[in-house]
Each structure stands twice: as structure tokens, then as C-alpha cells.
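Undergrad: My questions all concern the structure below.
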Amino acid sequence: MTAKEKAIMSTVTTIILVLGLAATALFVAGFLRGLRQALDSRNHASKDVPVSENEHWPSVIFAVIVSALAIAAVGFTSAAVYVGPFLVLLTAAGTGLAFFLDHPDKSVS
Amino acid sequence: MGAQLDKTTLQLTPGLTPAIGYSLLIGLGLASLAIAIIIRQYLVRNTHDFIISDRKVGFGFGVGSVIAVWTWAMAVLMSSAMTFQWGLSGLFWFVVPNGLAVMAMIPFARVLRKSMPHGYTISEFTAYRFNQSQVASAIVTATMIFGIILEILINLKGTSIVISSIFGINWEVAAIVGIISVLVYSYFGGLWTSVMTATINTLMITVPAAIIVSLVYDKVPGGADAVIDAVGKADPQNLSVLRPDAAAGFGITLAFGLLAATVADQTFWQKVWSIRADQVNRTFLWAGALFYPIPICLGMLGLVGIAYGLTPADVGGDIAAVGPYLVSHIGLPVFVIVIYVLVILAACYSTIDGASAALSSVVAVDLVKRYAPGTSEKTLFAVAKISMVLGGAIALAIVLSGVDFTTLVLTTYALKTAILLPLVLAILWPRTNTVGFVGGVVLAIAIGMTIRAYEGELIGTLSILAISGLTVVAGAYLFPSRFDAKVLSAARDLDRGVAEPAIAATDLPKPAE
């Protein structure tokens with residue numbers, strides 16, 4: 001990498017770019033799996049499955065606290081401005097992961 | 001202010017031509033149209049599939065689509081704007097209630113999905129809940145329709161202004177091209193299309209947002225250290241999340257408004273009834289939690305705006321433009337700016353197509369099936385599709401007319417805030433009755449909105465909530481009755497008659513695993 005290129009893109013940006021590509025790959029793989037499942041379920045009747053009773057309150061509180069801390073941290077250290085960009089990659093990766101945690105065969109007949 | 005960065009160095013990047021703007025507007029629509037045509041062929045046979053996806057939306061599509069629908073174009077812009085205006089306190093009050101509003105759907109979704117497994121709309125629930133009361137269901141139906149039209153026109157207006165300011169396109173032309181691009185693809189696939197394209201849009205919003213924000217900081221001389229140093233020197237309160245003026249100025253009002261925007265919005269209830277029953281709760285948990293990083297990331301642009309000492313006049317008078325202004329003026333290459341515009345367009349398109357899909361369900365279930373129950377499946381299917389176009393056309397007409405849509409905003413705000421507590425109580429409290437529900441909404445609008453006009457946002461909002469809630473409680477004690485939730489299970493799926501032939505999944509070529 002030349003000095004000019006270094007000036008264009010910092011190490012943090014390069015890491016975000018690489019992790020972004022990884023998150024994209026996971027997302028695309030998950031999306032294709034979800035698409036396949038949706039098409040497969042096309043010929044199956046929906047089966048009545050019970051609604052989960054779990055309202056996930058501890059997880060909700062945890063998510064709220066983490067988001068508040070991520071913002072507050074910027075007031076303490078300038079490096080925290082990158083917390084948002086890194087976390088948003090987690091949003092893409094997490095959405096991709098959600099497809100792999102889904103097992104629709106349990107809810108169709 | 002000596003540490004402030006030099007804003008005269010911010011110059012518009014050359015090469016942002018109108019042709020690029022049109023290509024983005026139309027290209028994103030065409031790509032979505034291709035997906036819609038495939039979906040229509042394989043997954044949409046009738047109105048039931050079109051408006052509720054046969055209740056087969058899985059966890060991944062549920063999470064992706066709820067995130068995208070909740071990420072309004074204005075949310076992309078306002079996260080930077082609120083940070084620019086109030087510092088970290090602005091971002092805190094903008095972000096924290098935003099994700100919480102999505103996750104707050106969980107208890108209501110759990111109750112209704114369990115007690116009314118074959119529901120379609122929240123207005124339909126109101127009809128069953130209040131003994132087919134025309135007034136109660138009409139209030140909720142009107143609220144949903146106003147809300148949906150408002151969602152469409154706010155996103156349309158915001159995006160057309162961004163496109164016009166960056167690419168020099170007439171904003172009215174941008175609005176027309178934008179709405180046509182969305183409606184053409186939404187028309188073909190209904191909710192399935194909305195869910196799948198919205199999920200793709202989540203990817204288009206998230207990864208580019210991370211890269212762009214990091215690139216913007218790379219362009220600032222001195223990077224993040226210089227930005228935070230300048231922000232602190234401009235006003236030390238900018239680096240605190242505890243500014244009381246931010247909470248009183250917009251934070252508390254926004255928190256209640258956001259809660260009303262999910263709980264009293266058919267776009268979200270349509271998702272509740274379309275996602276597979278066993279996935280509903282965790283879908284809203286994941287969507288709310290994973291939504292948080294989007295405004296946190298984009299809010300960092302607002303700090304750069306403060307660091308450069310920008311004023312509203314510098315960015316064209318509206319602080320919502322601070323993000324687009326920085327990205328297009330800080331010296332980034334054209335393709336990076338194009339990607340940023342795609343982030344805004346993805347947010348805009350996914351919200352509009354989600355709102356359009358919600359409108360089709362309200363029209364099919366709460367208008368056509370309620371007032372003309374004998375309507376054939378074929379006609380219902382056609383009406384559901386046409387209603388999306390009509391909704392978009394009305395929103396476009398309002399935007400193009402140039403009228404100040406403050407009245408529509410206020411009306412929708414009044415209805416949604418007034419309906420919030422009565423609706424919550426109707427779902428959770430069996431003693432809620434028709435008199436309390438209707439009285440609560442009507443009194444909250446009549447008295448609460450008057451108070452709001454004289455005393456401002458905060459006191460007005462709290463008054464609306466207090467009046468609506470107390471009236472419901474008073475109604476319950478004056479006219480005691482107890483609702484039997486089993487009544488809700490009487491809601492039935494629409495006729496599953498096939499309106500249009502679809503290709504069976506077994507006919508599909510096997511894609512690579």
C-alpha cells in the first residue's frame with residue numbers, strides 16, 4: 001500500500017471493510033437459505049405452532065444498556081466513534097445468522 | 001473555538017450528475033422488480049399470500065424486514081441531525097427509545113398472535129374486541145390509513161430532497177420517479193416482496209454505513225481525536241448524554257411517539273401475523289436490538305458537523321441535511337457518495353413498500369371484506385394490489401401539491417398518541433370496554449390536543465396519554481364487563497381460492513446449497 005493509499009484509508013477502515021465483506025458473505029448465505037426455505041414451504045400447509053411465552057425482558061434490557069453505553073462511551077474516548085460502525089456490521093451478520101437459527105420444518109407439515 | 005476544523009475546506013465533490021441520481025432511483029426499483037416477479041410466480045397465489053405471506057415468514061426475513069421497515073430515510077438523516085443539534089444527548093434520546101419501541105411489541109404480539117391466530121390487522125382485532133363496534137374499528141382503521149400515507153409521504157419527501165440536493169435533480173421529478181420505482185415492484189409481490197427486498201435493503205443500509213462513516217473520519221485532519229476535541233471545545237455538554245434540555249426538548253416526546261409508531265401501526269401488526277407463530281417474539285427482540293447500531297453509526301456524522309462548526313444555513317437550512325452535506329463535501333470519491341445515497345434510498349424504498357403492503361391488508365380486510373363480504377377472491381386480490389398504487393398516488397399528490405402537510409402530521413400524531421394507551425389496554429386488560437376505548441380516544445384528541453397547542457409538546461403528549469388512559473379506566477369502572485378472549489379466535493383466514501396460478505416449488509430448479 002502506497003503512502004497515498006494509506007492517507008485515503010486508515011487501518012480501522014480497512015478492518016471495517018474486511019469485516020464488512022465477511023458480514024456480507026454470511027448475510028448472503030443466510031438469505032439464500034431463507035429463500036430456499038420459503039420456496040420449499042410453498043407446497044406445505046401451515047401448522048399451528050405455539051407462540052413462545054418468552055418475552056425476553058433480560059435481553060431487551062441488555063440491548064438498551066449496551067446501546068446507551070455505546071453512545072456514552074464516545075464522551076470518554078474518541079476511539080468509541082468506531083463502536084457504531086463495528087456494531088452495525090453485527091446487524092448485517094446477525095440478520096444473516098438469524099436465517100441459520102430458523103428451522104421451519106418444525107412448523108410445517 | 002480555535003480547535004474548530006476549517007469548514008471552508010468542505011467542497012462539493014464534482015461529478016455528481018443528474019444521470020447518476022436517476023440511475024440510482026430507477027436501478028434500485030428495477031432490481032427489486034426482478035425479485036418481485038420471481039416471488040409473484042412462486043409464492044403469491046391469492047390475497048392471503050399477498051397480504052400475509054401465508055403466515056410463513058421465517059426468523060431471518062422477519063428480522064431483516066422489521067429492521068428495514070423501521071429504518072426510515074428520515075431516521076438515517078435524523079440520527080446525524082439530532083447529534084448535530086444536541087451532541088451525544090441528542091443521539092441518546094433518538095436511539096434508545098427507537099430500538100426499544102420495536103422490542104416493546106413483544107408482549108402485545110405474543111398475546112394477540114396467541115389469542116387471534118388468524119388475524120390480519122389491528123383494526124380487525126378492534127372489531128372483534130369491541131363487539132364489531134363500527135366507531136371503534138373506524139377510528140383504528142382511519143389511524144392506520146393516515147399513518148401509512150404519512151409514512152410514505154415523509155419518506156418520499158425526505159429522499160427526493162436529498163437526491164435533488166446531491167445530484168441537482170428537480171425534487172418533484174425525483175419524487176415521481178422514486179414512488180413509481182417502489183410501487184411497480186410492490187404491486188407484483190405484496191408482502192413477500194416487501195419482506196425480501198427489505199431484508200436485502202438491511203444489508204444495503206448496514207455495511208455501507210459502517211464503511212462510509214469510517215471513511216468520513218479518515219478525511220478529517222486529525223481523525224476521531226480532532227473531531228472529539230473540537231466537539232468538546234464547542235460545548236462540553238456535547239459529549240454528555242445527560243443534557244436535560246435534550247430530554248425535555250424532544251427526547252421524552254419522541255419516546256412516546258415512537259412507541260405509538262410501532263404499537264399503533266399496521267406495518268408492524270402485519271409482520272406480527274405474517275411471521276411464523278413460534279418466531280414472533282424473538283424476531284422483534286433481534287430486530288430491535290440489531291436496529292440500534294444503525295443510528296449509532298450514522299449519528300457519528302453529526303459530531304463531524306459540530307467539529308467543523310457547520311450551521312443550519314451551511315447545509316441548506318435544514319439540519320436533516322447535515323449527513324448528506326458532509327458525505328458529499330468532505331472529499332470522498334463519487335462512488336462512495338453514490339453508496340451513501342443508496343443507503344438512504346434503501347431505507348426509503350423499504351419503508352414505503354412496507355407501508356404499501358400494510359395498506360393493502362387494511363383495504364382488503366377492514367374495508368372491502370367488512371363492508372362487502374361477498375367480494376370474490378379475484379376482485380379482492382385486484383383491489384388489494386390497486387390500493388397500494390392508490391396510497392402511493394395520494395402521498396405523491398400531497399407532496400407535489402406543495403401544501404404544508406403539518407395538518408396531516410398533527411392529525412396522525414393526535415390519532416396515534418391518543419390511541420396508544422386504549423389499544424394497549426384493549427390488548428392486555430379484559431375490563432376495557434367500547435365506551436372507555438372510544439371515549440378515551442375522542443377526549444384525548446379534543447382536550448389533549450388543545451392542551452398541546454397551548455402548552456407545547458411535552459405537556460401536551462403527557463396530557464393526551466393521561467386523558468386516554470384514565471378514560472379507559474373510568475369506562476371500565478362505570479360500565480363493568482369482562483371480555484372473553486376466546487371471541488378473537490373466531491377470526492378466520494380469507495378465502496384461499498387461487499386468484500392467480502403460481503409455480504409449485506417442486507418445479508423449481510435446485511439452486512446450489
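Lettering and numbering for the C-alpha cells are positional, with chains as A, B, ... in the shown order, residues counted from 1 in each chain, and ligands counted from 1 in the shown order.
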For chain A, which residues have at least one atom within 7 Å of chain B, if we go by only C-alpha atoms? Write them as a VMD selection string, please.
TA: chain A and resid 8 to 10 13 16 to 17 20 34 39 to 40 42 to 43 49 to 52 55 60 63 to 64 67 to 68 71 to 72 75 78 to 79 81 84 to 89 91 to 92 95 to 96 98 to 99 102
Undergrad: As a list in words, please: the residues near Ala198 (chain B) (cut-off 9 Å, only C-alpha atoms, same-chain neighbours under 6 positions excluded).
TA: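 Surrounding residues, per the criterion: Phe61, Gly64, Ser65, Val66, Ile67, Ala68, Val69, Ala346, Ala347, Tyr349, Ser350, Thr351, Asp353 and Gly354 of chain B.
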Undergrad: One decimal, in Å: what's the spacing between CA of Leu33 (chain B) and CA of Val184 (chain B)?
TA: 6.9 Å
Undergrad: Could you name the residues that touch region 447-463 of chain B at 9 Å or less, counting only C-alpha atoms, but leaving out those on the same chain fewer than 5 positions away, as a compact mmCIF listing (two decimals) with all heavy atoms, in the first residue's frame?
TA:
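What follows is the written file part_24.txt:
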```
# COMPACT_ATOMS: atom_id res chain seq x y z
N ALA B 248 -36.06 17.19 27.58
CA ALA B 248 -37.30 17.99 27.59
C ALA B 248 -37.61 18.53 26.20
O ALA B 248 -38.77 18.64 25.81
CB ALA B 248 -37.15 19.15 28.57
N GLY B 249 -36.56 18.85 25.43
CA GLY B 249 -36.76 19.46 24.11
C GLY B 249 -37.39 18.53 23.11
O GLY B 249 -38.22 18.94 22.30
N PHE B 250 -36.97 17.26 23.13
CA PHE B 250 -37.58 16.33 22.16
C PHE B 250 -37.57 14.88 22.63
O PHE B 250 -38.38 14.07 22.18
CB PHE B 250 -36.87 16.42 20.80
CG PHE B 250 -35.60 15.60 20.72
CD1 PHE B 250 -35.59 14.35 20.10
CD2 PHE B 250 -34.42 16.06 21.28
CE1 PHE B 250 -34.44 13.59 20.03
CE2 PHE B 250 -33.26 15.30 21.22
CZ PHE B 250 -33.26 14.08 20.60
N ILE B 252 -38.32 12.99 25.46
CA ILE B 252 -39.46 12.28 26.09
C ILE B 252 -40.64 12.19 25.12
O ILE B 252 -41.27 11.14 24.99
CB ILE B 252 -39.86 13.00 27.40
CG1 ILE B 252 -38.69 12.92 28.40
CG2 ILE B 252 -41.11 12.39 28.01
CD1 ILE B 252 -38.83 13.78 29.63
N THR B 253 -40.90 13.30 24.42
CA THR B 253 -42.00 13.28 23.44
C THR B 253 -41.73 12.25 22.35
O THR B 253 -42.62 11.49 21.96
CB THR B 253 -42.13 14.67 22.78
OG1 THR B 253 -42.13 15.64 23.80
CG2 THR B 253 -43.39 14.77 21.97
N PHE B 256 -42.43 8.54 23.45
CA PHE B 256 -43.84 8.13 23.38
C PHE B 256 -44.31 8.04 21.93
O PHE B 256 -45.08 7.15 21.56
CB PHE B 256 -44.73 9.10 24.16
CG PHE B 256 -44.60 8.95 25.65
CD1 PHE B 256 -44.09 9.95 26.43
CD2 PHE B 256 -44.98 7.76 26.27
CE1 PHE B 256 -43.96 9.80 27.81
CE2 PHE B 256 -44.84 7.59 27.65
CZ PHE B 256 -44.33 8.62 28.42
N GLY B 257 -43.85 8.99 21.12
CA GLY B 257 -44.23 8.99 19.71
C GLY B 257 -43.76 7.73 19.01
O GLY B 257 -44.48 7.13 18.21
N ALA B 414 -51.99 13.00 16.58
CA ALA B 414 -53.07 13.02 17.56
C ALA B 414 -53.74 11.65 17.65
O ALA B 414 -53.95 11.10 18.75
CB ALA B 414 -54.09 14.08 17.18
N THR B 417 -51.13 8.92 19.11
CA THR B 417 -50.84 9.07 20.54
C THR B 417 -52.10 8.81 21.35
O THR B 417 -52.04 8.19 22.42
CB THR B 417 -50.30 10.49 20.84
OG1 THR B 417 -49.34 10.83 19.85
CG2 THR B 417 -49.66 10.58 22.20
N ALA B 418 -53.24 9.28 20.86
CA ALA B 418 -54.49 9.11 21.59
C ALA B 418 -54.90 7.64 21.63
O ALA B 418 -55.54 7.19 22.58
CB ALA B 418 -55.59 9.95 20.94
N VAL B 442 -61.43 9.90 21.82
CA VAL B 442 -62.09 11.17 21.46
C VAL B 442 -61.69 12.29 22.42
O VAL B 442 -61.32 13.40 22.01
CB VAL B 442 -63.63 11.00 21.42
CG1 VAL B 442 -64.32 12.34 21.25
CG2 VAL B 442 -64.01 10.06 20.28
N SER B 468 -56.42 9.71 27.78
CA SER B 468 -56.88 8.49 27.10
C SER B 468 -56.87 7.31 28.05
O SER B 468 -57.84 6.54 28.12
CB SER B 468 -56.04 8.20 25.86
OG SER B 468 -54.69 8.01 26.22
```
Undergrad: Using only C-alpha atoms, which protein or nucleic acid residues come within 8 Å of region 333-337 of chain B? Drop anything in the same chain fewer than 2 positions from it, and give the result as a PyMOL selection string.
TA: chain B and resi 13-16+212+327-328+331+339-341
Undergrad: Mind writing the picked residues with all heavy atoms as an mmCIF file, in the first residue's frame?
TA:
```
data_model
loop_
_atom_site.group_PDB
_atom_site.id
_atom_site.type_symbol
_atom_site.label_atom_id
_atom_site.label_comp_id
_atom_site.auth_asym_id
_atom_site.auth_seq_id
_atom_site.Cartn_x
_atom_site.Cartn_y
_atom_site.Cartn_z
ATOM 1 N N THR B 13 -18.161 17.511 -3.984
ATOM 2 C CA THR B 13 -17.416 16.632 -4.887
ATOM 3 C C THR B 13 -17.963 16.786 -6.307
ATOM 4 O O THR B 13 -19.180 16.647 -6.517
ATOM 5 C CB THR B 13 -17.555 15.166 -4.439
ATOM 6 O OG1 THR B 13 -17.041 15.051 -3.120
ATOM 7 C CG2 THR B 13 -16.818 14.220 -5.360
ATOM 8 N N PRO B 14 -17.106 17.071 -7.284
ATOM 9 C CA PRO B 14 -17.603 17.199 -8.661
ATOM 10 C C PRO B 14 -17.958 15.829 -9.249
ATOM 11 O O PRO B 14 -17.478 14.801 -8.783
ATOM 12 C CB PRO B 14 -16.419 17.826 -9.410
ATOM 13 C CG PRO B 14 -15.221 17.509 -8.594
ATOM 14 C CD PRO B 14 -15.670 17.344 -7.179
ATOM 15 N N GLY B 15 -18.822 15.848 -10.261
ATOM 16 C CA GLY B 15 -19.153 14.600 -10.970
ATOM 17 C C GLY B 15 -20.451 13.963 -10.524
ATOM 18 O O GLY B 15 -20.794 12.864 -10.984
ATOM 19 N N LEU B 16 -21.188 14.622 -9.610
ATOM 20 C CA LEU B 16 -22.463 14.057 -9.153
ATOM 21 C C LEU B 16 -23.573 14.533 -10.099
ATOM 22 O O LEU B 16 -24.290 15.487 -9.817
ATOM 23 C CB LEU B 16 -22.737 14.482 -7.710
ATOM 24 C CG LEU B 16 -21.722 13.958 -6.685
ATOM 25 C CD1 LEU B 16 -21.843 14.688 -5.362
ATOM 26 C CD2 LEU B 16 -21.897 12.460 -6.485
ATOM 27 N N ILE B 212 -18.718 4.048 5.187
ATOM 28 C CA ILE B 212 -18.797 5.489 4.882
ATOM 29 C C ILE B 212 -18.433 6.342 6.095
ATOM 30 O O ILE B 212 -17.659 7.292 5.987
ATOM 31 C CB ILE B 212 -20.212 5.830 4.347
ATOM 32 C CG1 ILE B 212 -20.377 5.265 2.943
ATOM 33 C CG2 ILE B 212 -20.437 7.346 4.333
ATOM 34 C CD1 ILE B 212 -21.808 5.151 2.489
ATOM 35 N N VAL B 327 -20.997 14.085 3.683
ATOM 36 C CA VAL B 327 -20.532 12.993 2.823
ATOM 37 C C VAL B 327 -20.221 13.509 1.408
ATOM 38 O O VAL B 327 -19.256 13.078 0.780
ATOM 39 C CB VAL B 327 -21.585 11.854 2.776
ATOM 40 C CG1 VAL B 327 -21.207 10.799 1.744
ATOM 41 C CG2 VAL B 327 -21.724 11.210 4.146
ATOM 42 N N SER B 328 -21.012 14.455 0.944
ATOM 43 C CA SER B 328 -20.808 14.947 -0.425
ATOM 44 C C SER B 328 -19.810 16.109 -0.509
ATOM 45 O O SER B 328 -19.447 16.522 -1.594
ATOM 46 C CB SER B 328 -22.153 15.380 -1.038
ATOM 47 O OG SER B 328 -22.744 16.396 -0.258
ATOM 48 N N GLY B 331 -14.810 15.358 0.468
ATOM 49 C CA GLY B 331 -13.736 14.933 -0.436
ATOM 50 C C GLY B 331 -13.711 13.451 -0.728
ATOM 51 O O GLY B 331 -12.698 12.922 -1.200
ATOM 52 N N ILE B 339 -22.871 5.336 -2.914
ATOM 53 C CA ILE B 339 -23.248 4.269 -1.969
ATOM 54 C C ILE B 339 -24.039 4.854 -0.794
ATOM 55 O O ILE B 339 -25.013 4.261 -0.321
ATOM 56 C CB ILE B 339 -21.984 3.512 -1.480
ATOM 57 C CG1 ILE B 339 -21.387 2.725 -2.646
ATOM 58 C CG2 ILE B 339 -22.321 2.567 -0.328
ATOM 59 C CD1 ILE B 339 -20.031 2.129 -2.364
ATOM 60 N N TYR B 340 -23.636 6.036 -0.333
ATOM 61 C CA TYR B 340 -24.371 6.684 0.763
ATOM 62 C C TYR B 340 -25.810 6.996 0.345
ATOM 63 O O TYR B 340 -26.759 6.790 1.108
ATOM 64 C CB TYR B 340 -23.653 7.970 1.187
ATOM 65 C CG TYR B 340 -24.371 8.736 2.279
ATOM 66 C CD1 TYR B 340 -24.399 8.259 3.586
ATOM 67 C CD2 TYR B 340 -25.032 9.936 2.001
ATOM 68 C CE1 TYR B 340 -25.065 8.954 4.592
ATOM 69 C CE2 TYR B 340 -25.699 10.634 2.996
ATOM 70 C CZ TYR B 340 -25.716 10.140 4.292
ATOM 71 O OH TYR B 340 -26.381 10.824 5.280
ATOM 72 N N VAL B 341 -25.956 7.468 -0.889
ATOM 73 C CA VAL B 341 -27.308 7.761 -1.388
ATOM 74 C C VAL B 341 -28.120 6.459 -1.465
ATOM 75 O O VAL B 341 -29.316 6.441 -1.154
ATOM 76 C CB VAL B 341 -27.252 8.458 -2.763
ATOM 77 C CG1 VAL B 341 -28.641 8.617 -3.355
ATOM 78 C CG2 VAL B 341 -26.581 9.817 -2.634
#
```
Undergrad: Please, which residues of chain A, numbered as in this document, come out alpha helix (DSSP H) from DSSP, as a ChimeraX atom specification?
TA: /A:3-8,11-40,57-72,83-100
Undergrad: Keeping only C-alpha atoms, take the residues you just selected and write them out as a PDB file, in the first residue's frame.
TA:
```pdb
ATOM      1  CA  ALA A   3       1.612   6.368   1.280  1.00  0.00           C
ATOM      2  CA  LYS A   4      -1.169   7.981  -0.749  1.00  0.00           C
ATOM      3  CA  GLU A   5      -3.433   4.979  -0.313  1.00  0.00           C
ATOM      4  CA  LYS A   6      -2.717   4.966   3.409  1.00  0.00           C
ATOM      5  CA  ALA A   7      -3.917   8.526   3.553  1.00  0.00           C
ATOM      6  CA  ILE A   8      -7.154   7.517   1.830  1.00  0.00           C
ATOM      7  CA  THR A  11      -6.280   0.748   9.336  1.00  0.00           C
ATOM      8  CA  VAL A  12      -9.652   0.942  11.099  1.00  0.00           C
ATOM      9  CA  THR A  13     -11.434   1.458   7.795  1.00  0.00           C
ATOM     10  CA  THR A  14      -9.557  -1.453   6.271  1.00  0.00           C
ATOM     11  CA  ILE A  15     -10.623  -3.689   9.167  1.00  0.00           C
ATOM     12  CA  ILE A  16     -14.220  -2.485   8.797  1.00  0.00           C
ATOM     13  CA  LEU A  17     -14.054  -3.204   5.071  1.00  0.00           C
ATOM     14  CA  VAL A  18     -12.807  -6.753   5.641  1.00  0.00           C
ATOM     15  CA  LEU A  19     -15.322  -7.459   8.394  1.00  0.00           C
ATOM     16  CA  GLY A  20     -17.999  -5.885   6.197  1.00  0.00           C
ATOM     17  CA  LEU A  21     -17.196  -8.365   3.439  1.00  0.00           C
ATOM     18  CA  ALA A  22     -17.379 -11.238   5.948  1.00  0.00           C
ATOM     19  CA  ALA A  23     -20.718  -9.977   7.279  1.00  0.00           C
ATOM     20  CA  THR A  24     -21.993  -9.636   3.701  1.00  0.00           C
ATOM     21  CA  ALA A  25     -20.966 -13.210   2.917  1.00  0.00           C
ATOM     22  CA  LEU A  26     -22.818 -14.507   5.991  1.00  0.00           C
ATOM     23  CA  PHE A  27     -25.833 -12.378   5.124  1.00  0.00           C
ATOM     24  CA  VAL A  28     -25.975 -13.600   1.523  1.00  0.00           C
ATOM     25  CA  ALA A  29     -25.551 -17.244   2.573  1.00  0.00           C
ATOM     26  CA  GLY A  30     -28.349 -16.800   5.108  1.00  0.00           C
ATOM     27  CA  PHE A  31     -30.586 -15.023   2.632  1.00  0.00           C
ATOM     28  CA  LEU A  32     -30.220 -17.822   0.066  1.00  0.00           C
ATOM     29  CA  ARG A  33     -31.033 -20.392   2.755  1.00  0.00           C
ATOM     30  CA  GLY A  34     -34.097 -18.386   3.780  1.00  0.00           C
ATOM     31  CA  LEU A  35     -35.194 -18.060   0.161  1.00  0.00           C
ATOM     32  CA  ARG A  36     -34.875 -21.794  -0.370  1.00  0.00           C
ATOM     33  CA  GLN A  37     -36.880 -22.472   2.798  1.00  0.00           C
ATOM     34  CA  ALA A  38     -39.596 -20.042   1.725  1.00  0.00           C
ATOM     35  CA  LEU A  39     -39.879 -21.731  -1.670  1.00  0.00           C
ATOM     36  CA  ASP A  40     -39.863 -25.190  -0.101  1.00  0.00           C
ATOM     37  CA  TRP A  57     -37.068  -8.957  29.050  1.00  0.00           C
ATOM     38  CA  PRO A  58     -33.495  -9.549  30.300  1.00  0.00           C
ATOM     39  CA  SER A  59     -32.274  -9.464  26.676  1.00  0.00           C
ATOM     40  CA  VAL A  60     -34.293  -6.307  25.979  1.00  0.00           C
ATOM     41  CA  ILE A  61     -32.752  -4.557  28.989  1.00  0.00           C
ATOM     42  CA  PHE A  62     -29.281  -5.748  27.966  1.00  0.00           C
ATOM     43  CA  ALA A  63     -29.731  -4.357  24.421  1.00  0.00           C
ATOM     44  CA  VAL A  64     -30.929  -0.993  25.746  1.00  0.00           C
ATOM     45  CA  ILE A  65     -27.996  -0.711  28.171  1.00  0.00           C
ATOM     46  CA  VAL A  66     -25.406  -1.686  25.541  1.00  0.00           C
ATOM     47  CA  SER A  67     -26.759   0.879  23.077  1.00  0.00           C
ATOM     48  CA  ALA A  68     -26.729   3.608  25.741  1.00  0.00           C
ATOM     49  CA  LEU A  69     -23.169   2.698  26.762  1.00  0.00           C
ATOM     50  CA  ALA A  70     -22.016   2.676  23.122  1.00  0.00           C
ATOM     51  CA  ILE A  71     -23.180   6.284  22.789  1.00  0.00           C
ATOM     52  CA  ALA A  72     -21.953   7.444  26.200  1.00  0.00           C
ATOM     53  CA  VAL A  83     -18.103   1.376  18.046  1.00  0.00           C
ATOM     54  CA  GLY A  84     -21.165   2.258  15.925  1.00  0.00           C
ATOM     55  CA  PRO A  85     -19.562   1.218  12.623  1.00  0.00           C
ATOM     56  CA  PHE A  86     -18.373  -2.070  14.129  1.00  0.00           C
ATOM     57  CA  LEU A  87     -21.729  -2.776  15.767  1.00  0.00           C
ATOM     58  CA  VAL A  88     -23.617  -2.091  12.550  1.00  0.00           C
ATOM     59  CA  LEU A  89     -21.628  -4.871  10.909  1.00  0.00           C
ATOM     60  CA  LEU A  90     -23.057  -7.051  13.656  1.00  0.00           C
ATOM     61  CA  THR A  91     -26.521  -6.052  12.430  1.00  0.00           C
ATOM     62  CA  ALA A  92     -25.758  -7.439   8.966  1.00  0.00           C
ATOM     63  CA  ALA A  93     -24.068 -10.551  10.364  1.00  0.00           C
ATOM     64  CA  GLY A  94     -26.820 -11.068  12.938  1.00  0.00           C
ATOM     65  CA  THR A  95     -29.519 -10.912  10.278  1.00  0.00           C
ATOM     66  CA  GLY A  96     -27.606 -13.487   8.227  1.00  0.00           C
ATOM     67  CA  LEU A  97     -27.203 -15.662  11.310  1.00  0.00           C
ATOM     68  CA  ALA A  98     -30.935 -15.478  12.014  1.00  0.00           C
ATOM     69  CA  PHE A  99     -31.598 -17.483   8.840  1.00  0.00           C
ATOM     70  CA  PHE A 100     -29.417 -20.304  10.149  1.00  0.00           C
TER      71      PHE A 100
END
```
Undergrad: Calculate how many Å separate CA of Val441 (chain B) from CA of Val409 (chain B), rounding to one decimal.
TA: 17.1 Å
Undergrad: Please provide as a VMD selection string all residues within 8 Å of Ile154 (chain B), with the sequence filter that same-chain residues fewer than 4 positions apart are discarded (counting only C-alpha atoms).
TA: chain B and resid 74 150 158
Undergrad: Could the residues in this selection be written to a file with all heavy atoms, as a PDB file, in the first residue's frame?
TA:
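Writing the result to result-v5.pdb gives the following:
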```pdb
ATOM      1  N   MET B  74     -35.747   9.163   6.953  1.00  0.00           N
ATOM      2  CA  MET B  74     -35.548  10.271   7.883  1.00  0.00           C
ATOM      3  C   MET B  74     -34.738   9.834   9.104  1.00  0.00           C
ATOM      4  O   MET B  74     -34.047  10.645   9.718  1.00  0.00           O
ATOM      5  CB  MET B  74     -36.897  10.850   8.323  1.00  0.00           C
ATOM      6  CG  MET B  74     -37.632  11.607   7.233  1.00  0.00           C
ATOM      7  SD  MET B  74     -36.652  12.951   6.517  1.00  0.00           S
ATOM      8  CE  MET B  74     -36.815  14.197   7.786  1.00  0.00           C
ATOM      9  N   LEU B 150     -48.817   8.904   5.751  1.00  0.00           N
ATOM     10  CA  LEU B 150     -47.784   9.795   6.290  1.00  0.00           C
ATOM     11  C   LEU B 150     -46.395   9.165   6.149  1.00  0.00           C
ATOM     12  O   LEU B 150     -45.428   9.839   5.787  1.00  0.00           O
ATOM     13  CB  LEU B 150     -48.082  10.101   7.760  1.00  0.00           C
ATOM     14  CG  LEU B 150     -47.239  11.206   8.385  1.00  0.00           C
ATOM     15  CD1 LEU B 150     -47.542  12.546   7.739  1.00  0.00           C
ATOM     16  CD2 LEU B 150     -47.498  11.293   9.880  1.00  0.00           C
ATOM     17  N   GLY B 158     -38.472  13.389   2.012  1.00  0.00           N
ATOM     18  CA  GLY B 158     -37.100  13.447   2.517  1.00  0.00           C
ATOM     19  C   GLY B 158     -36.103  12.978   1.485  1.00  0.00           C
ATOM     20  O   GLY B 158     -35.080  13.619   1.232  1.00  0.00           O
TER      21      GLY B 158
END
```
